>>> print(open('data-v3.csv').read())   # CSV, C-alpha atoms
chain,number,residue,atom,x,y,z
A,1,MET,CA,5.8,-61.2,145.3
A,2,VAL,CA,7.1,-57.7,145.8
A,3,ALA,CA,7.5,-55.6,142.6
A,4,LYS,CA,10.9,-54.0,142.1
A,5,ALA,CA,10.9,-50.3,142.4
A,6,ARG,CA,11.3,-48.6,139.0
A,7,ARG,CA,13.6,-45.6,139.4
A,8,GLU,CA,14.4,-42.9,136.8
A,9,ARG,CA,17.5,-40.9,136.7
A,10,VAL,CA,17.2,-37.3,138.0
A,11,GLU,CA,18.9,-35.0,135.6
A,12,ARG,CA,21.5,-32.7,137.1
A,13,THR,CA,20.5,-29.1,137.4
A,14,ASP,CA,22.6,-26.0,138.0
A,15,ARG,CA,22.0,-25.1,141.6
A,16,GLY,CA,22.4,-21.4,140.9
A,17,SER,CA,25.8,-21.1,142.6
A,18,PRO,CA,29.1,-20.5,141.0
A,19,VAL,CA,30.8,-22.2,144.0
A,20,PRO,CA,31.1,-26.0,143.9
A,21,GLN,CA,28.5,-27.9,146.0
A,22,TRP,CA,29.4,-30.7,148.4
A,23,GLU,CA,26.9,-33.3,149.7
A,24,VAL,CA,27.2,-33.9,153.5
A,25,PHE,CA,26.8,-37.2,155.3
A,26,VAL,CA,27.1,-37.6,159.1
A,27,ARG,CA,27.2,-40.4,161.6
A,28,ASP,CA,25.9,-39.4,165.1
A,29,SER,CA,27.5,-42.3,166.9
A,30,GLU,CA,30.0,-45.1,166.1
A,31,THR,CA,27.2,-47.6,165.7
A,32,ASP,CA,24.9,-45.5,163.5
A,33,PRO,CA,24.9,-45.6,159.7
A,34,LEU,CA,25.9,-42.5,157.7
A,35,ARG,CA,23.0,-40.4,156.7
A,36,HIS,CA,22.7,-37.5,154.2
A,37,VAL,CA,21.9,-34.2,155.9
A,38,GLY,CA,22.3,-31.6,153.2
A,39,SER,CA,24.8,-29.8,151.1
A,40,VAL,CA,27.3,-26.9,151.4
A,41,ALA,CA,29.0,-24.6,148.9
A,42,ALA,CA,32.8,-24.4,149.1
A,43,HIS,CA,35.8,-24.1,146.9
A,44,SER,CA,37.8,-26.9,148.7
A,45,ALA,CA,37.2,-30.0,150.7
A,46,ALA,CA,38.7,-28.3,153.8
A,47,GLU,CA,36.4,-25.3,153.4
A,48,ALA,CA,33.4,-27.7,152.9
A,49,HIS,CA,34.4,-29.6,156.0
A,50,GLU,CA,34.4,-26.4,158.0
A,51,HIS,CA,31.0,-25.3,156.8
A,52,ALA,CA,29.5,-28.8,157.2
A,53,THR,CA,30.8,-29.2,160.7
A,54,ARG,CA,29.3,-25.8,161.7
A,55,LEU,CA,25.9,-26.5,160.0
A,56,PHE,CA,25.3,-30.2,160.4
A,57,GLY,CA,28.0,-32.0,162.2
A,58,TRP,CA,29.0,-30.2,165.5
A,59,TYR,CA,27.6,-33.3,167.3
A,60,ALA,CA,28.7,-36.0,164.8
A,61,VAL,CA,31.3,-38.7,165.2
A,62,ASP,CA,32.0,-38.7,161.4
A,63,VAL,CA,31.4,-36.1,158.7
A,64,TRP,CA,31.8,-37.4,155.1
A,65,LEU,CA,31.8,-35.0,152.0
A,66,CYS,CA,31.3,-35.8,148.4
A,67,PRO,CA,31.4,-33.4,145.4
A,68,ALA,CA,27.8,-32.9,144.3
A,69,ASP,CA,28.9,-33.3,140.7
A,70,ALA,CA,30.0,-36.9,141.5
A,71,VAL,CA,26.5,-37.9,142.8
A,72,GLU,CA,24.0,-39.6,140.5
A,73,ARG,CA,20.4,-39.5,141.7
A,74,PHE,CA,17.6,-41.9,140.9
A,75,THR,CA,14.1,-41.7,142.2
A,76,THR,CA,10.7,-43.6,142.0
A,77,SER,CA,8.8,-40.3,141.8
A,78,ALA,CA,9.3,-36.8,140.6
A,79,PHE,CA,10.2,-34.0,143.0
A,80,PRO,CA,7.5,-31.4,143.4
A,81,ALA,CA,8.4,-28.0,141.9
A,82,THR,CA,8.5,-24.8,143.9
A,83,ASP,CA,7.3,-21.5,142.6
A,84,GLU,CA,10.7,-20.8,141.2
A,85,GLY,CA,10.7,-24.0,139.3
A,86,ASP,CA,13.4,-25.6,141.4
A,87,VAL,CA,13.1,-29.0,143.0
A,88,THR,CA,12.5,-29.4,146.7
A,89,GLU,CA,14.6,-31.9,148.7
A,90,GLU,CA,13.8,-33.7,151.8
A,91,THR,CA,16.6,-35.3,153.9
A,92,ASP,CA,16.6,-39.0,154.8
A,93,ALA,CA,16.1,-38.0,158.5
A,94,GLU,CA,13.0,-36.0,157.7
A,95,ARG,CA,11.5,-38.8,155.7
A,96,GLU,CA,12.2,-41.3,158.4
A,97,SER,CA,10.9,-39.2,161.2
A,98,GLY,CA,7.7,-38.3,159.4
A,99,ALA,CA,8.2,-34.7,160.6
A,100,GLU,CA,6.0,-32.1,159.1
A,101,THR,CA,8.0,-30.0,156.7
A,102,GLU,CA,7.5,-26.6,155.1
A,103,ILE,CA,9.2,-24.9,152.2
A,104,ASP,CA,11.4,-22.0,153.4
A,105,THR,CA,12.4,-19.4,150.8
A,106,GLU,CA,15.5,-18.5,152.8
A,107,THR,CA,16.9,-22.0,152.2
A,108,ASN,CA,16.4,-21.9,148.4
A,109,GLY,CA,13.3,-24.0,148.5
A,110,ARG,CA,14.8,-26.8,150.7
A,111,ARG,CA,12.3,-28.3,153.1
A,112,ILE,CA,12.9,-27.8,156.8
A,113,ALA,CA,11.3,-29.5,159.7
A,114,GLU,CA,8.6,-27.3,161.4
A,115,GLY,CA,9.9,-25.9,164.6
A,116,GLU,CA,13.5,-26.8,163.7
A,117,PRO,CA,15.9,-24.1,165.1
A,118,ARG,CA,17.5,-21.9,162.5
A,119,SER,CA,20.8,-22.1,164.4
A,120,TYR,CA,22.1,-24.0,167.4
A,121,GLU,CA,23.5,-22.4,170.5
A,122,GLU,CA,26.9,-23.9,169.7
A,123,THR,CA,27.0,-22.3,166.3
A,124,ILE,CA,25.9,-18.8,167.3
A,125,GLY,CA,28.7,-16.2,167.4
A,126,GLU,CA,31.0,-14.1,165.3
A,127,PRO,CA,32.7,-15.8,162.3
A,128,ARG,CA,36.4,-16.5,162.7
>>> encode(input="data-v3.csv", output="structure tokens")
Amino acid sequence: MVAKARRERVERTDRGSPVPQWEVFVRDSETDPLRHVGSVAAHSAAEAHEHATRLFGWYAVDVWLCPADAVERFTTSAFPATDEGDVTEETDAERESGAETEIDTETNGRRIAEGEPRSYEETIGEPR
């Protein structure tokens, strides 16, 4: 018999930004499930969609957004703390791929895959 996972609620923390945060989910193809890829800061859903598309979804079939305040998190283990005392986060894709990750201070302690490009050719250029 398999034991049920015991999850504890993760308390909400201030992310250090006065701008509302939005969780971003993308679907790469019509047959793929949605997956969480990160978050963006924006004052409106339209602005969040614009940021999310540039950062995470320029290749995606679907981009879904959810206000971060509406997301409840539960985990089976505690997140390791960074030097600043913040929690580090790893995306579903990183966990599934088993990619080596490192903590990057430029991404506010978020883990990034080693060798992951900081920007993609399609997103390089002058802001509109």
>>> residues_around(input="data-v3.csv", residues="A:Ala45", least_positions_apart="5", cutoff="10 Å", atoms="all atoms listed in the file", output="MDAnalysis selection string")
chainID A and resid 20 22 50:51 65:67
>>> residues_around(input="data-v3.csv", residues="A:Ser29", least_positions_apart="3", cutoff="7 Å", atoms="all atoms listed in the file", output="JSON, numbers by chain")
{"A": [32, 60, 61]}
>>> residues_around(input="data-v3.csv", residues="A:Leu34", least_positions_apart="6", cutoff="7 Å", atoms="all atoms listed in the file", output="number ranges by chain")
A: 25-27
>>> atom_distance(input="data-v3.csv", atom1="atom CA of A:Asp62", atom2="atom CA of A:His36")
11.8 Å
>>> closest_residue(input="data-v3.csv", among="A:Thr76, A:Ser17, A:Ser39, A:Thr31", to="A:Phe56", atoms="only C-alpha atoms")
A:Ser39
>>> atom_distance(input="data-v3.csv", atom1="atom CA of A:Pro18", atom2="atom CA of A:Val40")
12.3 Å
>>> atom_distance(input="data-v3.csv", atom1="atom CA of A:Val24", atom2="atom CA of A:Thr75")
19.0 Å
>>> closest_residue(input="data-v3.csv", among="A:Val2, A:Ala42, A:Val37, A:Val71", to="A:Leu55", atoms="all atoms listed in the file")
A:Val37
